[in-house]
>>> print(open('coords-v3.pdb').read())   # PDB, C-alpha atoms
ATOM      1  CA  MET W   1     131.908  86.131  83.760
ATOM      2  CA  SER W   2     130.215  87.458  80.661
ATOM      3  CA  SER W   3     129.070  83.931  79.743
ATOM      4  CA  ILE W   4     127.329  83.657  83.119
ATOM      5  CA  LEU W   5     125.636  87.013  82.733
ATOM      6  CA  ASP W   6     124.777  86.457  79.087
ATOM      7  CA  ILE W   7     122.625  83.332  79.075
ATOM      8  CA  SER W   8     121.165  82.204  75.738
ATOM      9  CA  GLY W   9     121.781  85.592  74.203
ATOM     10  CA  PHE W  10     119.819  87.479  76.874
ATOM     11  CA  SER W  11     121.778  90.233  78.537
ATOM     12  CA  TYR W  12     121.508  90.291  82.320
ATOM     13  CA  LYS W  13     120.635  93.975  81.962
ATOM     14  CA  LEU W  14     117.597  93.030  79.908
ATOM     15  CA  ILE W  15     116.513  90.501  82.549
ATOM     16  CA  PHE W  16     117.110  93.092  85.277
ATOM     17  CA  MET W  17     115.043  95.666  83.385
ATOM     18  CA  THR W  18     112.060  93.299  83.215
ATOM     19  CA  ILE W  19     111.784  93.293  87.032
ATOM     20  CA  PRO W  20     109.037  95.777  87.980
ATOM     21  CA  SER W  21     110.444  98.988  89.407
ATOM     22  CA  THR W  22     108.244  98.620  92.506
ATOM     23  CA  TRP W  23     109.968  95.306  93.252
ATOM     24  CA  LEU W  24     113.337  97.006  93.013
ATOM     25  CA  ALA W  25     112.140  99.735  95.364
ATOM     26  CA  ARG W  26     111.051  97.069  97.839
ATOM     27  CA  ILE W  27     114.382  95.267  97.550
ATOM     28  CA  ARG W  28     116.192  98.481  98.360
ATOM     29  CA  ARG W  29     114.128  99.059 101.480
ATOM     30  CA  PRO W  30     116.266  98.908 104.603
ATOM     31  CA  VAL W  31     113.761  96.561 106.232
ATOM     32  CA  LEU W  32     114.345  93.907 103.606
ATOM     33  CA  VAL W  33     118.098  94.484 103.616
ATOM     34  CA  TRP W  34     118.341  94.053 107.399
ATOM     35  CA  SER W  35     116.007  91.057 107.464
ATOM     36  CA  MET W  36     118.089  89.330 104.784
ATOM     37  CA  THR W  37     121.300  90.262 106.618
ATOM     38  CA  ALA W  38     119.923  88.798 109.858
ATOM     39  CA  LEU W  39     118.846  85.623 108.069
ATOM     40  CA  VAL W  40     122.188  85.163 106.321
ATOM     41  CA  ALA W  41     124.094  85.968 109.544
ATOM     42  CA  ASN W  42     122.025  83.379 111.414
ATOM     43  CA  LEU W  43     122.693  80.702 108.780
ATOM     44  CA  VAL W  44     126.418  81.503 108.594
ATOM     45  CA  VAL W  45     126.810  81.453 112.380
ATOM     46  CA  LYS W  46     124.988  78.125 112.651
ATOM     47  CA  TRP W  47     127.212  76.688 109.926
ATOM     48  CA  ILE W  48     130.429  77.931 111.594
ATOM     49  CA  VAL W  49     129.407  76.592 115.014
ATOM     50  CA  ALA W  50     128.417  73.217 113.559
ATOM     51  CA  ALA W  51     131.565  72.983 111.445
ATOM     52  CA  ASP W  52     133.989  73.624 114.308
ATOM     53  CA  PRO W  53     133.086  71.743 117.500
ATOM     54  CA  ALA W  54     136.403  72.769 119.078
ATOM     55  CA  LEU W  55     135.434  76.442 119.069
ATOM     56  CA  PRO W  56     135.967  78.097 122.496
ATOM     57  CA  ILE W  57     132.775  78.703 124.477
ATOM     58  CA  ILE W  58     133.285  82.489 124.550
ATOM     59  CA  ALA W  59     133.742  82.603 120.769
ATOM     60  CA  ARG W  60     130.708  80.339 120.358
ATOM     61  CA  LYS W  61     128.546  82.614 122.527
ATOM     62  CA  ALA W  62     129.763  85.737 120.729
ATOM     63  CA  LEU W  63     129.043  84.154 117.362
ATOM     64  CA  MET W  64     125.578  82.974 118.371
ATOM     65  CA  LEU W  65     124.688  86.492 119.572
ATOM     66  CA  ALA W  66     126.113  88.231 116.480
ATOM     67  CA  PRO W  67     122.902  87.914 114.377
ATOM     68  CA  LEU W  68     121.122  89.928 117.088
ATOM     69  CA  VAL W  69     122.747  93.103 115.729
ATOM     70  CA  PRO W  70     121.156  92.943 112.246
ATOM     71  CA  LEU W  71     117.981  91.597 113.870
ATOM     72  CA  LEU W  72     117.705  94.668 116.123
ATOM     73  CA  MET W  73     118.393  96.883 113.118
ATOM     74  CA  PHE W  74     115.607  95.038 111.295
ATOM     75  CA  VAL W  75     113.170  95.655 114.173
ATOM     76  CA  GLY W  76     114.179  99.343 114.312
ATOM     77  CA  THR W  77     113.723  99.901 110.577
ATOM     78  CA  LEU W  78     110.443  97.933 110.661
ATOM     79  CA  VAL W  79     109.029 100.162 113.419
ATOM     80  CA  ARG W  80     110.203 103.268 111.543
ATOM     81  CA  MET W  81     108.637 101.979 108.312
ATOM     82  CA  VAL W  82     105.266 101.319 109.997
ATOM     83  CA  ARG W  83     105.304 104.766 111.625
ATOM     84  CA  HIS W  84     105.806 106.373 108.201
ATOM     85  CA  MET W  85     102.992 104.404 106.574
ATOM     86  CA  ASP W  86      99.660 106.018 105.800
ATOM     87  CA  GLU W  87      96.559 105.070 107.792
ATOM     88  CA  LEU W  88      95.355 102.273 105.484
ATOM     89  CA  GLN W  89      98.776 100.648 105.343
ATOM     90  CA  GLN W  90      98.988 100.834 109.137
ATOM     91  CA  ARG W  91      95.567  99.223 109.338
ATOM     92  CA  ILE W  92      96.691  96.426 106.995
ATOM     93  CA  CYS W  93      99.758  95.892 109.208
ATOM     94  CA  LEU W  94      97.623  95.823 112.337
ATOM     95  CA  GLU W  95      95.175  93.319 110.839
ATOM     96  CA  SER W  96      98.002  91.079 109.610
ATOM     97  CA  VAL W  97      99.634  91.147 113.050
ATOM     98  CA  PHE W  98      96.298  90.254 114.672
ATOM     99  CA  ILE W  99      95.794  87.336 112.261
ATOM    100  CA  ALA W 100      99.370  86.146 112.897
ATOM    101  CA  PHE W 101      98.892  86.431 116.674
ATOM    102  CA  VAL W 102      95.669  84.409 116.762
ATOM    103  CA  ALA W 103      97.026  81.760 114.350
ATOM    104  CA  SER W 104     100.321  81.516 116.297
ATOM    105  CA  LEU W 105      98.466  81.193 119.599
ATOM    106  CA  THR W 106      96.380  78.349 118.159
ATOM    107  CA  LEU W 107      99.506  76.681 116.806
ATOM    108  CA  MET W 108     101.217  76.995 120.205
ATOM    109  CA  PHE W 109      98.327  75.125 121.841
ATOM    110  CA  VAL W 110      98.541  72.401 119.179
ATOM    111  CA  PHE W 111     102.321  72.150 119.579
ATOM    112  CA  ALA W 112     102.012  72.092 123.377
ATOM    113  CA  GLY W 113      99.508  69.243 123.119
ATOM    114  CA  LEU W 114     101.729  67.303 120.736
ATOM    115  CA  SER W 115     104.773  67.904 122.923
ATOM    116  CA  GLU W 116     103.089  66.919 126.206
ATOM    117  CA  SER W 117     101.629  63.774 124.674
ATOM    118  CA  GLY W 118     105.070  62.821 123.414
ATOM    119  CA  ILE W 119     103.979  62.601 119.789
ATOM    120  CA  TRP W 120     106.275  65.303 118.443
ATOM    121  CA  GLN W 121     108.665  67.876 119.870
ATOM    122  CA  PRO W 122     108.542  70.950 117.624
ATOM    123  CA  HIS W 123     111.738  72.964 117.221
ATOM    124  CA  TRP W 124     111.945  76.724 117.819
ATOM    125  CA  ASP W 125     112.808  77.210 114.143
ATOM    126  CA  ILE W 126     109.475  75.709 113.082
ATOM    127  CA  ILE W 127     107.514  77.952 115.449
ATOM    128  CA  GLY W 128     109.369  81.058 114.223
ATOM    129  CA  THR W 129     108.920  80.133 110.584
ATOM    130  CA  ALA W 130     105.219  79.414 111.141
ATOM    131  CA  MET W 131     104.763  82.823 112.814
ATOM    132  CA  MET W 132     106.430  84.556 109.867
ATOM    133  CA  ALA W 133     104.298  82.542 107.436
ATOM    134  CA  PHE W 134     101.124  83.512 109.342
ATOM    135  CA  TRP W 135     102.149  87.157 109.277
ATOM    136  CA  ALA W 136     102.857  87.017 105.526
ATOM    137  CA  ALA W 137      99.538  85.251 104.873
ATOM    138  CA  GLY W 138      97.719  87.781 107.088
ATOM    139  CA  TYR W 139      99.386  90.662 105.261
ATOM    140  CA  LEU W 140      98.417  89.240 101.854
ATOM    141  CA  TYR W 141      94.825  88.710 103.013
ATOM    142  CA  ALA W 142      94.479  92.204 104.524
ATOM    143  CA  SER W 143      96.114  93.793 101.485
ATOM    144  CA  TRP W 144      93.755  91.849  99.192
ATOM    145  CA  LYS W 145      90.764  92.954 101.274
ATOM    146  CA  TYR W 146      91.545  96.641 100.624
ATOM    147  CA  ARG W 147      92.854  96.155  97.053
TER     148      ARG W 147
ATOM    149  CA  MET N   1      79.786 105.388 104.289
ATOM    150  CA  GLU N   2      79.334 106.600 100.729
ATOM    151  CA  ASN N   3      81.528 109.215  99.072
ATOM    152  CA  ARG N   4      81.907 111.275  95.918
ATOM    153  CA  LEU N   5      85.681 111.106  95.820
ATOM    154  CA  ARG N   6      85.946 109.396  92.413
ATOM    155  CA  HIS N   7      83.532 111.924  90.889
ATOM    156  CA  LEU N   8      85.362 114.922  92.389
ATOM    157  CA  ARG N   9      88.739 113.541  91.338
ATOM    158  CA  SER N  10      87.556 112.931  87.768
ATOM    159  CA  GLN N  11      86.137 116.457  87.616
ATOM    160  CA  ARG N  12      89.604 117.823  88.266
ATOM    161  CA  GLY N  13      91.252 115.370  85.883
ATOM    162  CA  TRP N  14      93.451 113.881  88.562
ATOM    163  CA  SER N  15      94.601 110.295  88.597
ATOM    164  CA  GLN N  16      94.432 108.252  91.787
ATOM    165  CA  ALA N  17      98.212 108.561  92.065
ATOM    166  CA  GLU N  18      98.043 112.358  91.753
ATOM    167  CA  LEU N  19      95.374 112.633  94.422
ATOM    168  CA  ALA N  20      97.326 110.257  96.649
ATOM    169  CA  GLU N  21     100.392 112.455  96.289
ATOM    170  CA  ARG N  22      98.424 115.590  97.141
ATOM    171  CA  LEU N  23      97.030 113.930 100.260
ATOM    172  CA  ASN N  24     100.316 112.247 101.159
ATOM    173  CA  VAL N  25      98.788 108.766 101.213
ATOM    174  CA  SER N  26      99.204 105.669  99.049
ATOM    175  CA  ARG N  27      97.269 105.083  95.822
ATOM    176  CA  GLN N  28      95.786 101.992  97.458
ATOM    177  CA  THR N  29      94.228 104.211 100.120
ATOM    178  CA  ILE N  30      92.542 106.380  97.478
ATOM    179  CA  ASN N  31      91.298 103.319  95.610
ATOM    180  CA  SER N  32      89.951 101.729  98.803
ATOM    181  CA  ILE N  33      88.115 104.930  99.776
ATOM    182  CA  GLU N  34      86.634 105.313  96.283
ATOM    183  CA  THR N  35      85.427 101.713  96.171
ATOM    184  CA  GLY N  36      83.970 102.033  99.682
ATOM    185  CA  LYS N  37      86.189  99.346 101.148
ATOM    186  CA  TYR N  38      87.761 101.750 103.590
ATOM    187  CA  ASP N  39      86.434 104.782 105.436
ATOM    188  CA  PRO N  40      89.109 107.421 106.023
ATOM    189  CA  SER N  41      89.984 108.743 109.450
ATOM    190  CA  LEU N  42      88.583 112.098 110.488
ATOM    191  CA  PRO N  43      91.912 113.938 109.877
ATOM    192  CA  LEU N  44      92.156 112.473 106.356
ATOM    193  CA  ALA N  45      88.492 113.250 105.650
ATOM    194  CA  PHE N  46      89.138 116.881 106.682
ATOM    195  CA  GLU N  47      92.248 116.929 104.493
ATOM    196  CA  ILE N  48      90.156 115.718 101.524
ATOM    197  CA  SER N  49      87.531 118.339 102.350
ATOM    198  CA  ARG N  50      90.186 121.069 102.432
ATOM    199  CA  LEU N  51      91.726 119.903  99.149
ATOM    200  CA  PHE N  52      88.416 119.928  97.266
ATOM    201  CA  ARG N  53      87.227 123.068  99.109
ATOM    202  CA  LEU N  54      83.946 121.428  99.972
ATOM    203  CA  PRO N  55      82.231 120.783 103.302
ATOM    204  CA  ILE N  56      82.925 117.279 104.552
ATOM    205  CA  GLU N  57      79.235 116.302 104.329
ATOM    206  CA  ARG N  58      79.257 117.140 100.602
ATOM    207  CA  ILE N  59      81.913 114.478 100.047
ATOM    208  CA  PHE N  60      81.022 111.822 102.603
ATOM    209  CA  THR N  61      77.476 110.752 103.385
ATOM    210  CA  PRO N  62      76.203 108.041 105.701
ATOM    211  CA  ASP N  63      75.401 104.694 104.109
ATOM    212  CA  ARG N  64      71.717 104.340 103.223
ATOM    213  CA  ARG N  65      71.609 101.112 105.199
ATOM    214  CA  GLY N  66      73.172 102.935 108.109
ATOM    215  CA  ASP N  67      76.075 100.513 108.558
ATOM    216  CA  ALA N  68      79.742 101.385 108.233
ATOM    217  CA  SER N  69      81.841  99.386 105.780
ATOM    218  CA  THR N  70      84.897  99.258 108.042
TER     219      THR N  70
END
>>> encode(input="coords-v3.pdb", output="structure tokens")
Amino acid sequence: MSSILDISGFSYKLIFMTIPSTWLARIRRPVLVWSMTALVANLVVKWIVAADPALPIIARKALMLAPLVPLLMFVGTLVRMVRHMDELQQRICLESVFIAFVASLTLMFVFAGLSESGIWQPHWDIIGTAMMAFWAAGYLYASWKYR
Amino acid sequence: MENRLRHLRSQRGWSQAELAERLNVSRQTINSIETGKYDPSLPLAFEISRLFRLPIERIFTPDRRGDAST
């Protein structure tokens, strides 16, 4: 264990200490914790369902709905976080959501066109990931604008 | 809108973080107001006015060009 944590003479504590304290504060935020929990739960559930095709339908349904619990917790903590933000941070959030909405709407039209023409059938995962990417990009842009 | 926030803050020897703490906002908000990238809401402008004990028009003045930055 110590050999894993002590790579090339660098103590893991030293590496940990080099991480900016603001990053650590962000990691501790419930929003990030619940989002990561929801993501991991989703991946684990998908893996279990794919690994065992003989799983009863009820168990399969229950498993597939299980990630909804951390997801709802994520949404709740996200709303609470936004409500506790100051006015500029709320504005940044609003602008990033607007950017993500417009970009996602455009993407939906493109995907609909591709799907109807039979060129490519996009998966829900891609749409969701693209929406998150648009939101992150919008947030970075809005945050940079008011830096 | 133009403002004298940086000048008033410097006069009192406060850092942006200190002023942010007094106003219960983020340091980014203070920086954005000082650089003119963001105009505060009316409640925050009144809070700033109360903190510096100055009339609001002594801190915030309309832009010479007459256009708002945000």
>>> atom_distance(input="coords-v3.pdb", atom1="CA of Val82 (chain W)", atom2="CA of Leu42 (chain N)")
19.9 Å
>>> interface_residues(input="coords-v3.pdb", of="chain N", to="chain W", cutoff="12 Å", atoms="only C-alpha atoms", output="list in words")
Ala20, Glu21, Leu23, Asn24, Val25, Ser26, Arg27, Gln28, Thr29, Ile30, Asn31, Ser32, Ile33, Glu34, Thr35, Gly36, Lys37, Tyr38, Asp39, Pro40, Ser41, Leu42, Pro43, Leu44, Ala45, Ser69 and Thr70 of chain N
>>> atom_distance(input="coords-v3.pdb", atom1="CA of Ile127 (chain W)", atom2="CA of Val49 (chain W)")
21.9 Å
>>> closest_atom_pairs(input="coords-v3.pdb", of="region 67-98 of chain W", to="region 30-35 of chain W", cutoff="7 Å", atoms="only C-alpha atoms", output="JSON lines")
{"residue": "W:Pro70", "atom": "CA", "partner": "W:Trp34", "partner_atom": "CA", "distance": 5.7}
{"residue": "W:Leu71", "atom": "CA", "partner": "W:Ser35", "partner_atom": "CA", "distance": 6.7}
{"residue": "W:Met73", "atom": "CA", "partner": "W:Trp34", "partner_atom": "CA", "distance": 6.4}
{"residue": "W:Phe74", "atom": "CA", "partner": "W:Trp34", "partner_atom": "CA", "distance": 4.9}
{"residue": "W:Thr77", "atom": "CA", "partner": "W:Val31", "partner_atom": "CA", "distance": 5.5}
{"residue": "W:Leu78", "atom": "CA", "partner": "W:Val31", "partner_atom": "CA", "distance": 5.7}
>>> atom_distance(input="coords-v3.pdb", atom1="CA of Leu8 (chain N)", atom2="CA of Pro55 (chain N)")
12.8 Å
